[in-house]
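Just entry39.pdb here, PDB, C-alpha atoms:
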ATOM      1  CA  MET A 233     -27.572  51.629  17.968  1.00  0.00           C
ATOM      2  CA  ASN A 234     -25.589  52.062  14.792  1.00  0.00           C
ATOM      3  CA  PRO A 235     -26.432  49.186  12.382  1.00  0.00           C
ATOM      4  CA  LEU A 236     -22.760  48.338  11.889  1.00  0.00           C
ATOM      5  CA  LYS A 237     -22.109  48.273  15.622  1.00  0.00           C
ATOM      6  CA  LYS A 238     -25.232  46.165  16.138  1.00  0.00           C
ATOM      7  CA  PHE A 239     -24.088  43.700  13.488  1.00  0.00           C
ATOM      8  CA  LEU A 240     -20.587  43.420  14.987  1.00  0.00           C
ATOM      9  CA  PHE A 241     -22.039  43.035  18.473  1.00  0.00           C
ATOM     10  CA  GLU A 242     -24.349  40.220  17.391  1.00  0.00           C
ATOM     11  CA  LEU A 243     -21.534  38.555  15.432  1.00  0.00           C
ATOM     12  CA  GLN A 244     -19.406  38.650  18.560  1.00  0.00           C
ATOM     13  CA  GLU A 245     -22.208  37.118  20.631  1.00  0.00           C
ATOM     14  CA  VAL A 246     -22.774  34.298  18.146  1.00  0.00           C
ATOM     15  CA  THR A 247     -19.027  33.596  17.888  1.00  0.00           C
ATOM     16  CA  LEU A 248     -18.658  33.458  21.674  1.00  0.00           C
ATOM     17  CA  LEU A 249     -21.688  31.168  21.903  1.00  0.00           C
ATOM     18  CA  ILE A 250     -20.162  28.762  19.377  1.00  0.00           C
ATOM     19  CA  TYR A 251     -16.835  28.857  21.209  1.00  0.00           C
ATOM     20  CA  ALA A 252     -18.460  28.218  24.591  1.00  0.00           C
ATOM     21  CA  SER A 253     -20.439  25.322  23.120  1.00  0.00           C
ATOM     22  CA  PHE A 254     -17.323  23.819  21.555  1.00  0.00           C
ATOM     23  CA  VAL A 255     -15.403  24.026  24.839  1.00  0.00           C
ATOM     24  CA  SER A 256     -18.327  22.422  26.686  1.00  0.00           C
ATOM     25  CA  LEU A 257     -18.034  19.295  24.539  1.00  0.00           C
ATOM     26  CA  PHE A 258     -14.788  18.339  26.280  1.00  0.00           C
ATOM     27  CA  SER A 259     -16.014  18.455  29.864  1.00  0.00           C
ATOM     28  CA  ARG A 260     -18.857  17.031  31.928  1.00  0.00           C
ATOM     29  CA  PRO A 261     -21.782  16.928  32.345  1.00  0.00           C
ATOM     30  CA  ARG A 262     -22.806  15.884  28.854  1.00  0.00           C
ATOM     31  CA  TYR A 263     -26.496  15.694  28.062  1.00  0.00           C
ATOM     32  CA  PHE A 264     -26.605  12.803  25.594  1.00  0.00           C
ATOM     33  CA  GLY A 265     -30.304  12.176  26.168  1.00  0.00           C
ATOM     34  CA  GLU A 266     -31.207  15.744  25.246  1.00  0.00           C
ATOM     35  CA  THR A 267     -28.953  15.581  22.188  1.00  0.00           C
ATOM     36  CA  VAL A 268     -30.667  12.411  20.956  1.00  0.00           C
ATOM     37  CA  ARG A 269     -34.066  14.006  21.549  1.00  0.00           C
ATOM     38  CA  GLN A 270     -33.087  17.056  19.526  1.00  0.00           C
ATOM     39  CA  MET A 271     -31.717  14.837  16.753  1.00  0.00           C
ATOM     40  CA  ASP A 272     -35.085  13.111  16.603  1.00  0.00           C
ATOM     41  CA  LEU A 273     -36.978  16.407  16.520  1.00  0.00           C
ATOM     42  CA  ILE A 274     -34.690  17.937  13.917  1.00  0.00           C
ATOM     43  CA  GLY A 275     -33.936  14.906  11.766  1.00  0.00           C
ATOM     44  CA  VAL A 276     -37.088  12.801  11.803  1.00  0.00           C
ATOM     45  CA  GLY A 277     -39.387  15.774  12.303  1.00  0.00           C
ATOM     46  CA  SER A 278     -37.965  17.699   9.350  1.00  0.00           C
ATOM     47  CA  LEU A 279     -37.708  14.700   7.020  1.00  0.00           C
ATOM     48  CA  PRO A 280     -41.146  14.996   5.322  1.00  0.00           C
ATOM     49  CA  ILE A 281     -40.814  18.676   4.398  1.00  0.00           C
ATOM     50  CA  VAL A 282     -37.207  18.240   3.232  1.00  0.00           C
ATOM     51  CA  LEU A 283     -38.061  15.207   1.094  1.00  0.00           C
ATOM     52  CA  LEU A 284     -41.064  17.010  -0.382  1.00  0.00           C
ATOM     53  CA  THR A 285     -38.934  20.044  -1.189  1.00  0.00           C
ATOM     54  CA  GLY A 286     -36.210  17.942  -2.805  1.00  0.00           C
ATOM     55  CA  PHE A 287     -38.645  15.839  -4.838  1.00  0.00           C
ATOM     56  CA  PHE A 288     -40.501  18.758  -6.393  1.00  0.00           C
ATOM     57  CA  THR A 289     -37.319  20.777  -6.891  1.00  0.00           C
ATOM     58  CA  GLY A 290     -35.925  17.954  -9.013  1.00  0.00           C
ATOM     59  CA  GLY A 291     -39.212  17.757 -10.902  1.00  0.00           C
ATOM     60  CA  VAL A 292     -39.253  21.490 -11.591  1.00  0.00           C
ATOM     61  CA  LEU A 293     -35.636  21.437 -12.786  1.00  0.00           C
ATOM     62  CA  ILE A 294     -36.491  18.801 -15.394  1.00  0.00           C
ATOM     63  CA  LEU A 295     -39.715  20.572 -16.306  1.00  0.00           C
ATOM     64  CA  GLN A 296     -37.876  23.819 -17.017  1.00  0.00           C
ATOM     65  CA  THR A 297     -34.614  22.545 -18.523  1.00  0.00           C
ATOM     66  CA  PHE A 298     -35.686  19.550 -20.615  1.00  0.00           C
ATOM     67  CA  PRO A 299     -37.317  21.575 -23.456  1.00  0.00           C
ATOM     68  CA  THR A 300     -34.214  23.745 -23.746  1.00  0.00           C
ATOM     69  CA  LEU A 301     -31.912  20.741 -23.772  1.00  0.00           C
ATOM     70  CA  GLN A 302     -34.173  19.085 -26.319  1.00  0.00           C
ATOM     71  CA  TYR A 303     -33.936  22.151 -28.552  1.00  0.00           C
ATOM     72  CA  TYR A 304     -30.152  21.666 -28.692  1.00  0.00           C
ATOM     73  CA  SER A 305     -30.545  17.863 -29.021  1.00  0.00           C
ATOM     74  CA  ILE A 306     -28.780  17.190 -25.736  1.00  0.00           C
ATOM     75  CA  GLN A 307     -31.817  16.023 -23.754  1.00  0.00           C
ATOM     76  CA  ASN A 308     -29.888  12.903 -22.757  1.00  0.00           C
ATOM     77  CA  GLU A 309     -27.906  15.162 -20.399  1.00  0.00           C
ATOM     78  CA  ALA A 310     -31.014  16.162 -18.416  1.00  0.00           C
ATOM     79  CA  GLY A 311     -30.058  13.932 -15.504  1.00  0.00           C
ATOM     80  CA  ARG A 312     -26.643  15.564 -15.310  1.00  0.00           C
ATOM     81  CA  SER A 313     -28.181  19.044 -15.022  1.00  0.00           C
ATOM     82  CA  VAL A 314     -30.520  17.967 -12.221  1.00  0.00           C
ATOM     83  CA  ALA A 315     -27.907  16.036 -10.259  1.00  0.00           C
ATOM     84  CA  THR A 316     -25.216  18.713 -10.367  1.00  0.00           C
ATOM     85  CA  SER A 317     -27.653  21.520  -9.514  1.00  0.00           C
ATOM     86  CA  LEU A 318     -29.114  19.626  -6.579  1.00  0.00           C
ATOM     87  CA  VAL A 319     -25.945  18.176  -5.111  1.00  0.00           C
ATOM     88  CA  ARG A 320     -23.812  21.290  -5.501  1.00  0.00           C
ATOM     89  CA  GLU A 321     -26.242  24.052  -4.535  1.00  0.00           C
ATOM     90  CA  LEU A 322     -29.984  23.556  -4.354  1.00  0.00           C
ATOM     91  CA  GLY A 323     -29.989  20.513  -2.076  1.00  0.00           C
ATOM     92  CA  PRO A 324     -27.859  22.011   0.718  1.00  0.00           C
ATOM     93  CA  VAL A 325     -29.342  25.518   0.501  1.00  0.00           C
ATOM     94  CA  LEU A 326     -33.018  24.546   0.251  1.00  0.00           C
ATOM     95  CA  SER A 327     -32.665  21.966   3.014  1.00  0.00           C
ATOM     96  CA  ALA A 328     -31.022  24.576   5.230  1.00  0.00           C
ATOM     97  CA  LEU A 329     -33.768  27.110   4.509  1.00  0.00           C
ATOM     98  CA  MET A 330     -36.509  24.571   5.285  1.00  0.00           C
ATOM     99  CA  VAL A 331     -34.814  23.565   8.522  1.00  0.00           C
ATOM    100  CA  SER A 332     -34.242  27.215   9.396  1.00  0.00           C
ATOM    101  CA  GLY A 333     -37.933  27.966   9.018  1.00  0.00           C
ATOM    102  CA  ARG A 334     -39.045  24.946  11.004  1.00  0.00           C
ATOM    103  CA  ILE A 335     -36.315  24.325  13.583  1.00  0.00           C
ATOM    104  CA  GLY A 336     -34.681  27.748  13.866  1.00  0.00           C
ATOM    105  CA  SER A 337     -37.999  29.331  14.759  1.00  0.00           C
ATOM    106  CA  ALA A 338     -38.816  26.537  17.223  1.00  0.00           C
ATOM    107  CA  ILE A 339     -35.472  26.839  19.006  1.00  0.00           C
ATOM    108  CA  SER A 340     -35.704  30.607  19.277  1.00  0.00           C
ATOM    109  CA  ALA A 341     -39.305  30.479  20.513  1.00  0.00           C
ATOM    110  CA  GLU A 342     -38.535  27.775  23.079  1.00  0.00           C
ATOM    111  CA  LEU A 343     -35.463  29.478  24.506  1.00  0.00           C
ATOM    112  CA  GLY A 344     -37.128  32.893  24.358  1.00  0.00           C
ATOM    113  CA  SER A 345     -40.100  31.589  26.336  1.00  0.00           C
ATOM    114  CA  MET A 346     -37.715  30.170  28.930  1.00  0.00           C
ATOM    115  CA  VAL A 347     -35.989  33.540  29.211  1.00  0.00           C
ATOM    116  CA  VAL A 348     -39.148  35.596  29.713  1.00  0.00           C
ATOM    117  CA  SER A 349     -40.533  33.060  32.199  1.00  0.00           C
ATOM    118  CA  GLN A 350     -37.212  33.226  34.121  1.00  0.00           C
ATOM    119  CA  GLN A 351     -36.467  29.531  33.696  1.00  0.00           C
ATOM    120  CA  ILE A 352     -32.979  30.379  32.446  1.00  0.00           C
ATOM    121  CA  ASP A 353     -32.323  32.405  35.607  1.00  0.00           C
ATOM    122  CA  ALA A 354     -33.577  29.487  37.700  1.00  0.00           C
ATOM    123  CA  MET A 355     -31.190  27.130  35.919  1.00  0.00           C
ATOM    124  CA  ARG A 356     -28.259  29.422  36.653  1.00  0.00           C
ATOM    125  CA  ALA A 357     -29.356  29.732  40.294  1.00  0.00           C
ATOM    126  CA  LEU A 358     -29.333  25.935  40.600  1.00  0.00           C
ATOM    127  CA  GLY A 359     -25.821  25.754  39.133  1.00  0.00           C
ATOM    128  CA  THR A 360     -26.771  24.498  35.651  1.00  0.00           C
ATOM    129  CA  ASP A 361     -25.056  26.051  32.660  1.00  0.00           C
ATOM    130  CA  PRO A 362     -27.745  26.976  30.076  1.00  0.00           C
ATOM    131  CA  THR A 363     -25.203  26.807  27.264  1.00  0.00           C
ATOM    132  CA  ARG A 364     -24.218  23.250  28.159  1.00  0.00           C
ATOM    133  CA  LYS A 365     -27.794  22.114  28.828  1.00  0.00           C
ATOM    134  CA  LEU A 366     -29.734  23.912  26.091  1.00  0.00           C
ATOM    135  CA  VAL A 367     -27.407  25.204  23.373  1.00  0.00           C
ATOM    136  CA  VAL A 368     -24.907  22.369  22.921  1.00  0.00           C
ATOM    137  CA  PRO A 369     -27.495  19.606  22.253  1.00  0.00           C
ATOM    138  CA  ARG A 370     -29.291  21.751  19.679  1.00  0.00           C
ATOM    139  CA  LEU A 371     -26.118  22.833  17.908  1.00  0.00           C
ATOM    140  CA  LEU A 372     -24.791  19.287  17.862  1.00  0.00           C
ATOM    141  CA  ALA A 373     -28.082  17.890  16.590  1.00  0.00           C
ATOM    142  CA  LEU A 374     -28.264  20.421  13.754  1.00  0.00           C
ATOM    143  CA  PHE A 375     -24.603  19.881  12.915  1.00  0.00           C
ATOM    144  CA  LEU A 376     -25.127  16.127  12.599  1.00  0.00           C
ATOM    145  CA  MET A 377     -28.615  15.892  11.120  1.00  0.00           C
ATOM    146  CA  LEU A 378     -28.629  18.594   8.429  1.00  0.00           C
ATOM    147  CA  PRO A 379     -26.095  16.751   6.197  1.00  0.00           C
ATOM    148  CA  ILE A 380     -28.253  13.597   6.414  1.00  0.00           C
ATOM    149  CA  LEU A 381     -31.364  15.584   5.508  1.00  0.00           C
ATOM    150  CA  THR A 382     -29.496  17.153   2.602  1.00  0.00           C
ATOM    151  CA  VAL A 383     -28.456  13.773   1.209  1.00  0.00           C
ATOM    152  CA  ALA A 384     -32.072  12.592   1.475  1.00  0.00           C
ATOM    153  CA  ALA A 385     -33.275  15.726  -0.343  1.00  0.00           C
ATOM    154  CA  ASP A 386     -30.699  15.176  -3.110  1.00  0.00           C
ATOM    155  CA  ILE A 387     -31.787  11.563  -3.600  1.00  0.00           C
ATOM    156  CA  PHE A 388     -35.477  12.424  -3.719  1.00  0.00           C
ATOM    157  CA  GLY A 389     -34.755  15.343  -6.047  1.00  0.00           C
ATOM    158  CA  ILE A 390     -33.026  13.022  -8.495  1.00  0.00           C
ATOM    159  CA  ILE A 391     -35.935  10.582  -8.181  1.00  0.00           C
ATOM    160  CA  GLY A 392     -38.421  13.398  -8.813  1.00  0.00           C
ATOM    161  CA  GLY A 393     -36.502  14.516 -11.880  1.00  0.00           C
ATOM    162  CA  GLY A 394     -36.444  10.957 -13.202  1.00  0.00           C
ATOM    163  CA  ILE A 395     -40.191  10.547 -12.752  1.00  0.00           C
ATOM    164  CA  ILE A 396     -40.930  13.783 -14.614  1.00  0.00           C
ATOM    165  CA  ALA A 397     -38.420  13.006 -17.381  1.00  0.00           C
ATOM    166  CA  SER A 398     -39.926   9.563 -17.848  1.00  0.00           C
ATOM    167  CA  GLY A 399     -43.576  10.453 -17.351  1.00  0.00           C
ATOM    168  CA  LEU A 400     -43.857  13.765 -19.194  1.00  0.00           C
ATOM    169  CA  PHE A 401     -41.003  13.660 -21.704  1.00  0.00           C
ATOM    170  CA  ASN A 402     -40.862   9.900 -22.356  1.00  0.00           C
ATOM    171  CA  GLN A 403     -37.165   9.650 -21.634  1.00  0.00           C
ATOM    172  CA  GLU A 404     -35.969   6.163 -20.758  1.00  0.00           C
ATOM    173  CA  LEU A 405     -35.083   5.841 -17.089  1.00  0.00           C
ATOM    174  CA  ASN A 406     -31.748   4.173 -17.875  1.00  0.00           C
ATOM    175  CA  VAL A 407     -30.722   7.148 -20.008  1.00  0.00           C
ATOM    176  CA  TYR A 408     -31.597   9.512 -17.178  1.00  0.00           C
ATOM    177  CA  LEU A 409     -29.728   7.478 -14.552  1.00  0.00           C
ATOM    178  CA  ASN A 410     -26.651   7.108 -16.757  1.00  0.00           C
ATOM    179  CA  SER A 411     -26.611  10.869 -17.211  1.00  0.00           C
ATOM    180  CA  VAL A 412     -26.832  11.335 -13.418  1.00  0.00           C
ATOM    181  CA  ARG A 413     -23.908   8.957 -12.826  1.00  0.00           C
ATOM    182  CA  ALA A 414     -21.824  10.614 -15.534  1.00  0.00           C
ATOM    183  CA  GLY A 415     -22.549  14.101 -14.255  1.00  0.00           C
ATOM    184  CA  LEU A 416     -21.724  13.645 -10.573  1.00  0.00           C
ATOM    185  CA  THR A 417     -18.108  13.773  -9.466  1.00  0.00           C
ATOM    186  CA  THR A 418     -16.505  13.025  -6.123  1.00  0.00           C
ATOM    187  CA  GLN A 419     -15.814  16.731  -5.666  1.00  0.00           C
ATOM    188  CA  ASP A 420     -19.501  17.548  -6.152  1.00  0.00           C
ATOM    189  CA  ILE A 421     -20.550  15.022  -3.526  1.00  0.00           C
ATOM    190  CA  ILE A 422     -17.905  16.104  -1.023  1.00  0.00           C
ATOM    191  CA  GLY A 423     -18.804  19.775  -1.446  1.00  0.00           C
ATOM    192  CA  GLY A 424     -22.516  19.037  -1.155  1.00  0.00           C
ATOM    193  CA  ILE A 425     -21.982  17.183   2.122  1.00  0.00           C
ATOM    194  CA  ILE A 426     -19.566  19.679   3.691  1.00  0.00           C
ATOM    195  CA  LYS A 427     -21.861  22.680   3.252  1.00  0.00           C
ATOM    196  CA  PRO A 428     -24.706  21.450   5.517  1.00  0.00           C
ATOM    197  CA  PHE A 429     -22.322  21.090   8.466  1.00  0.00           C
ATOM    198  CA  PHE A 430     -21.635  24.822   8.342  1.00  0.00           C
ATOM    199  CA  PHE A 431     -25.269  25.676   7.618  1.00  0.00           C
ATOM    200  CA  GLY A 432     -26.398  23.683  10.652  1.00  0.00           C
ATOM    201  CA  LEU A 433     -23.924  25.561  12.818  1.00  0.00           C
ATOM    202  CA  ILE A 434     -25.154  28.907  11.461  1.00  0.00           C
ATOM    203  CA  ILE A 435     -28.839  28.111  11.981  1.00  0.00           C
ATOM    204  CA  GLY A 436     -28.358  26.682  15.469  1.00  0.00           C
ATOM    205  CA  SER A 437     -26.072  29.418  16.788  1.00  0.00           C
ATOM    206  CA  ILE A 438     -28.223  32.278  15.490  1.00  0.00           C
ATOM    207  CA  ALA A 439     -31.470  30.690  16.725  1.00  0.00           C
ATOM    208  CA  CYS A 440     -30.020  30.011  20.178  1.00  0.00           C
ATOM    209  CA  ASN A 441     -28.523  33.497  20.401  1.00  0.00           C
ATOM    210  CA  LYS A 442     -31.783  35.170  19.408  1.00  0.00           C
ATOM    211  CA  GLY A 443     -33.720  33.036  21.876  1.00  0.00           C
ATOM    212  CA  LEU A 444     -31.381  33.642  24.815  1.00  0.00           C
ATOM    213  CA  SER A 445     -31.236  37.402  24.143  1.00  0.00           C
ATOM    214  CA  THR A 446     -35.030  37.791  24.104  1.00  0.00           C
ATOM    215  CA  THR A 447     -36.434  40.845  25.884  1.00  0.00           C
ATOM    216  CA  GLY A 448     -39.873  42.414  26.093  1.00  0.00           C
ATOM    217  CA  GLY A 449     -42.030  39.533  27.292  1.00  0.00           C
ATOM    218  CA  THR A 450     -44.190  37.470  24.954  1.00  0.00           C
ATOM    219  CA  VAL A 451     -44.005  40.132  22.251  1.00  0.00           C
ATOM    220  CA  GLY A 452     -40.247  39.807  22.354  1.00  0.00           C
ATOM    221  CA  VAL A 453     -40.519  36.047  21.838  1.00  0.00           C
ATOM    222  CA  GLY A 454     -42.332  36.586  18.548  1.00  0.00           C
ATOM    223  CA  ARG A 455     -39.803  39.209  17.504  1.00  0.00           C
ATOM    224  CA  SER A 456     -36.878  36.924  18.328  1.00  0.00           C
ATOM    225  CA  THR A 457     -38.457  34.041  16.430  1.00  0.00           C
ATOM    226  CA  THR A 458     -38.931  36.151  13.312  1.00  0.00           C
ATOM    227  CA  ASN A 459     -35.414  37.563  13.523  1.00  0.00           C
ATOM    228  CA  ALA A 460     -33.915  34.095  13.982  1.00  0.00           C
ATOM    229  CA  VAL A 461     -35.526  32.774  10.797  1.00  0.00           C
ATOM    230  CA  VAL A 462     -34.745  35.850   8.699  1.00  0.00           C
ATOM    231  CA  VAL A 463     -31.159  36.328   9.872  1.00  0.00           C
ATOM    232  CA  SER A 464     -30.213  32.639   9.657  1.00  0.00           C
ATOM    233  CA  SER A 465     -31.762  32.303   6.184  1.00  0.00           C
ATOM    234  CA  VAL A 466     -29.916  35.373   4.925  1.00  0.00           C
ATOM    235  CA  TRP A 467     -26.633  34.183   6.392  1.00  0.00           C
ATOM    236  CA  VAL A 468     -27.062  30.736   4.874  1.00  0.00           C
ATOM    237  CA  ILE A 469     -27.414  32.306   1.436  1.00  0.00           C
ATOM    238  CA  ILE A 470     -24.522  34.734   1.943  1.00  0.00           C
ATOM    239  CA  PHE A 471     -22.218  32.144   3.464  1.00  0.00           C
ATOM    240  CA  ASP A 472     -23.069  29.707   0.667  1.00  0.00           C
ATOM    241  CA  PHE A 473     -21.356  31.974  -1.852  1.00  0.00           C
ATOM    242  CA  PHE A 474     -18.088  32.229   0.080  1.00  0.00           C
ATOM    243  CA  LEU A 475     -18.162  28.562   1.058  1.00  0.00           C
ATOM    244  CA  SER A 476     -18.773  27.542  -2.565  1.00  0.00           C
ATOM    245  CA  LYS A 477     -15.794  29.598  -3.700  1.00  0.00           C
ATOM    246  CA  ALA A 478     -13.571  28.188  -0.954  1.00  0.00           C
ATOM    247  CA  LEU A 479     -14.593  24.592  -1.667  1.00  0.00           C
ATOM    248  CA  GLN A 480     -14.156  25.143  -5.387  1.00  0.00           C
ATOM    249  CA  THR A 481     -10.608  26.379  -4.843  1.00  0.00           C
ATOM    250  CA  ILE A 482      -9.671  23.635  -2.359  1.00  0.00           C
ATOM    251  CA  LEU A 483     -11.185  20.779  -4.372  1.00  0.00           C
ATOM    252  CA  ASP A 484      -9.640  22.045  -7.608  1.00  0.00           C
ATOM    253  CA  LEU A 485      -6.243  22.095  -5.912  1.00  0.00           C
ATOM    254  CA  GLY A 486      -6.826  18.555  -4.694  1.00  0.00           C
ATOM    255  CA  ARG A 487      -7.679  17.470  -8.221  1.00  0.00           C
ATOM    256  CA  VAL A 488      -4.352  18.704  -9.607  1.00  0.00           C
TER     257      VAL A 488
END
Once you've parsed the file, please lay out its structure as structure tokens.
Amino acid sequence: MNPLKKFLFELQEVTLLIYASFVSLFSRPRYFGETVRQMDLIGVGSLPIVLLTGFFTGGVLILQTFPTLQYYSIQNEAGRSVATSLVRELGPVLSALMVSGRIGSAISAELGSMVVSQQIDAMRALGTDPTRKLVVPRLLALFLMLPILTVAADIFGIIGGGIIASGLFNQELNVYLNSVRAGLTTQDIIGGIIKPFFFGLIIGSIACNKGLSTTGGTVGVGRSTTNAVVVSSVWVIIFDFFLSKALQTILDLGRV
């Protein structure tokens, strides 16, 4: 198939899946228990790796930027550089990529295994909608939990930057924290929280689509899992650019 046609076809499938999931929210049955279980798996299960990523990202930012800032005698603004970088971009994007690698692959593998073992066909035969039962709880859980994970990563990143600034560069912690408070604006925080909602939707919809469209037996499950991680990660990065520009325009208009 032509690559362009394949891309448009997959985009159509993902869009229809999101639409069907959204419509399913307003009618019964609703699987609250499954949604809570997925929130636990996604939120609590991903917390250690997200916190670790945020902590060391903040530490690396200070490690790389502090000498440069010190050269220009503006090292007191180190906290500002870490906070704005994390909250605006690195926190949402890195959290989404970590969750994509851990949860996106798991969702695709789980649904793909159900497809090749004909469990999805059995559900349809028994009158159960796979989208309502399997897709909606996972999309909703990612949509709700990824912003919380992002906030946690931002906080631990700022903490990591403060520890490195204080421990390696002997900067007073109060100076660092004052710089963080001065550097963050309401627009930065709003933008940093809005992005993960969209990223969660992207990761969940692509992973579910890849899983439900699995063909080729167990080999196809592995192929779908790999494609889910790669495609969702790429789309997170691409969509981040356009979303950043849109948020920048909207928030700047709101500031006027």
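The closest residue to Phe287 of chain A, picked from A:Tyr251, A:Ser305, A:Lys237, A:Ile390 and counting all atoms listed in the file, is A:Ile390.
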Go through the shown structure with the PyMOL selection byres ((chain A and resi 319) around 9) and write out the matching residues as an mmCIF file with C-alpha atoms, in the coordinates of the input.
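Written out: out_26.cif:
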data_model
loop_
_atom_site.group_PDB
_atom_site.id
_atom_site.type_symbol
_atom_site.label_atom_id
_atom_site.label_comp_id
_atom_site.auth_asym_id
_atom_site.auth_seq_id
_atom_site.Cartn_x
_atom_site.Cartn_y
_atom_site.Cartn_z
ATOM 1 C CA VAL A 314 -30.520 17.967 -12.221
ATOM 2 C CA ALA A 315 -27.907 16.036 -10.259
ATOM 3 C CA THR A 316 -25.216 18.713 -10.367
ATOM 4 C CA SER A 317 -27.653 21.520 -9.514
ATOM 5 C CA LEU A 318 -29.114 19.626 -6.579
ATOM 6 C CA ARG A 320 -23.812 21.290 -5.501
ATOM 7 C CA GLU A 321 -26.242 24.052 -4.535
ATOM 8 C CA LEU A 322 -29.984 23.556 -4.354
ATOM 9 C CA GLY A 323 -29.989 20.513 -2.076
ATOM 10 C CA PRO A 324 -27.859 22.011 0.718
ATOM 11 C CA THR A 382 -29.496 17.153 2.602
ATOM 12 C CA VAL A 383 -28.456 13.773 1.209
ATOM 13 C CA ASP A 386 -30.699 15.176 -3.110
ATOM 14 C CA ILE A 387 -31.787 11.563 -3.600
ATOM 15 C CA LEU A 416 -21.724 13.645 -10.573
ATOM 16 C CA ASP A 420 -19.501 17.548 -6.152
ATOM 17 C CA ILE A 421 -20.550 15.022 -3.526
ATOM 18 C CA GLY A 423 -18.804 19.775 -1.446
ATOM 19 C CA GLY A 424 -22.516 19.037 -1.155
ATOM 20 C CA ILE A 425 -21.982 17.183 2.122
#
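In this comparison, which uses all atoms listed in the file, the residue of A:Gly399, A:Gly336, A:Gly432, A:Gly344 approaching Thr446 of chain A most closely is A:Gly344.
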Would you kindly return, as a ChimeraX atom specification, each protein, DNA or RNA residue with an atom no farther than 12 Å from any atom of Arg260 of chain A, considering all atoms listed in the file and excluding same-chain residues fewer than 3 positions away?
/A:255-257,263-264,360-361,364-365
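Among A:Leu326, A:Ala460, A:Ala354, A:Val412, the residue with the shortest atom-to-atom distance to Lys427 of chain A, counting all atoms listed in the file, is A:Leu326.
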Please complete segment 244-255 of chain A so it has N, CA and C atoms, and hand it over as a compact mmCIF listing (two decimals), keeping the file's coordinate frame.
# COMPACT_ATOMS: atom_id res chain seq x y z
N GLN A 244 -20.24 39.01 17.41
CA GLN A 244 -19.41 38.65 18.56
C GLN A 244 -20.15 37.70 19.49
N GLU A 245 -21.43 37.98 19.75
CA GLU A 245 -22.21 37.12 20.63
C GLU A 245 -22.34 35.71 20.06
N VAL A 246 -22.62 35.61 18.78
CA VAL A 246 -22.77 34.30 18.15
C VAL A 246 -21.45 33.54 18.17
N THR A 247 -20.35 34.23 17.88
CA THR A 247 -19.03 33.60 17.89
C THR A 247 -18.68 33.07 19.28
N LEU A 248 -18.94 33.89 20.30
CA LEU A 248 -18.66 33.46 21.67
C LEU A 248 -19.54 32.28 22.08
N LEU A 249 -20.78 32.27 21.60
CA LEU A 249 -21.69 31.17 21.90
C LEU A 249 -21.18 29.87 21.28
N ILE A 250 -20.72 29.95 20.04
CA ILE A 250 -20.16 28.76 19.38
C ILE A 250 -18.91 28.29 20.10
N TYR A 251 -18.06 29.22 20.50
CA TYR A 251 -16.84 28.86 21.21
C TYR A 251 -17.15 28.20 22.55
N ALA A 252 -18.08 28.79 23.29
CA ALA A 252 -18.46 28.22 24.59
C ALA A 252 -19.07 26.82 24.43
N SER A 253 -19.85 26.63 23.38
CA SER A 253 -20.44 25.32 23.12
C SER A 253 -19.37 24.30 22.76
N PHE A 254 -18.40 24.72 21.95
CA PHE A 254 -17.32 23.82 21.56
C PHE A 254 -16.49 23.40 22.76
N VAL A 255 -16.18 24.34 23.63
CA VAL A 255 -15.40 24.03 24.84
C VAL A 255 -16.18 23.08 25.75
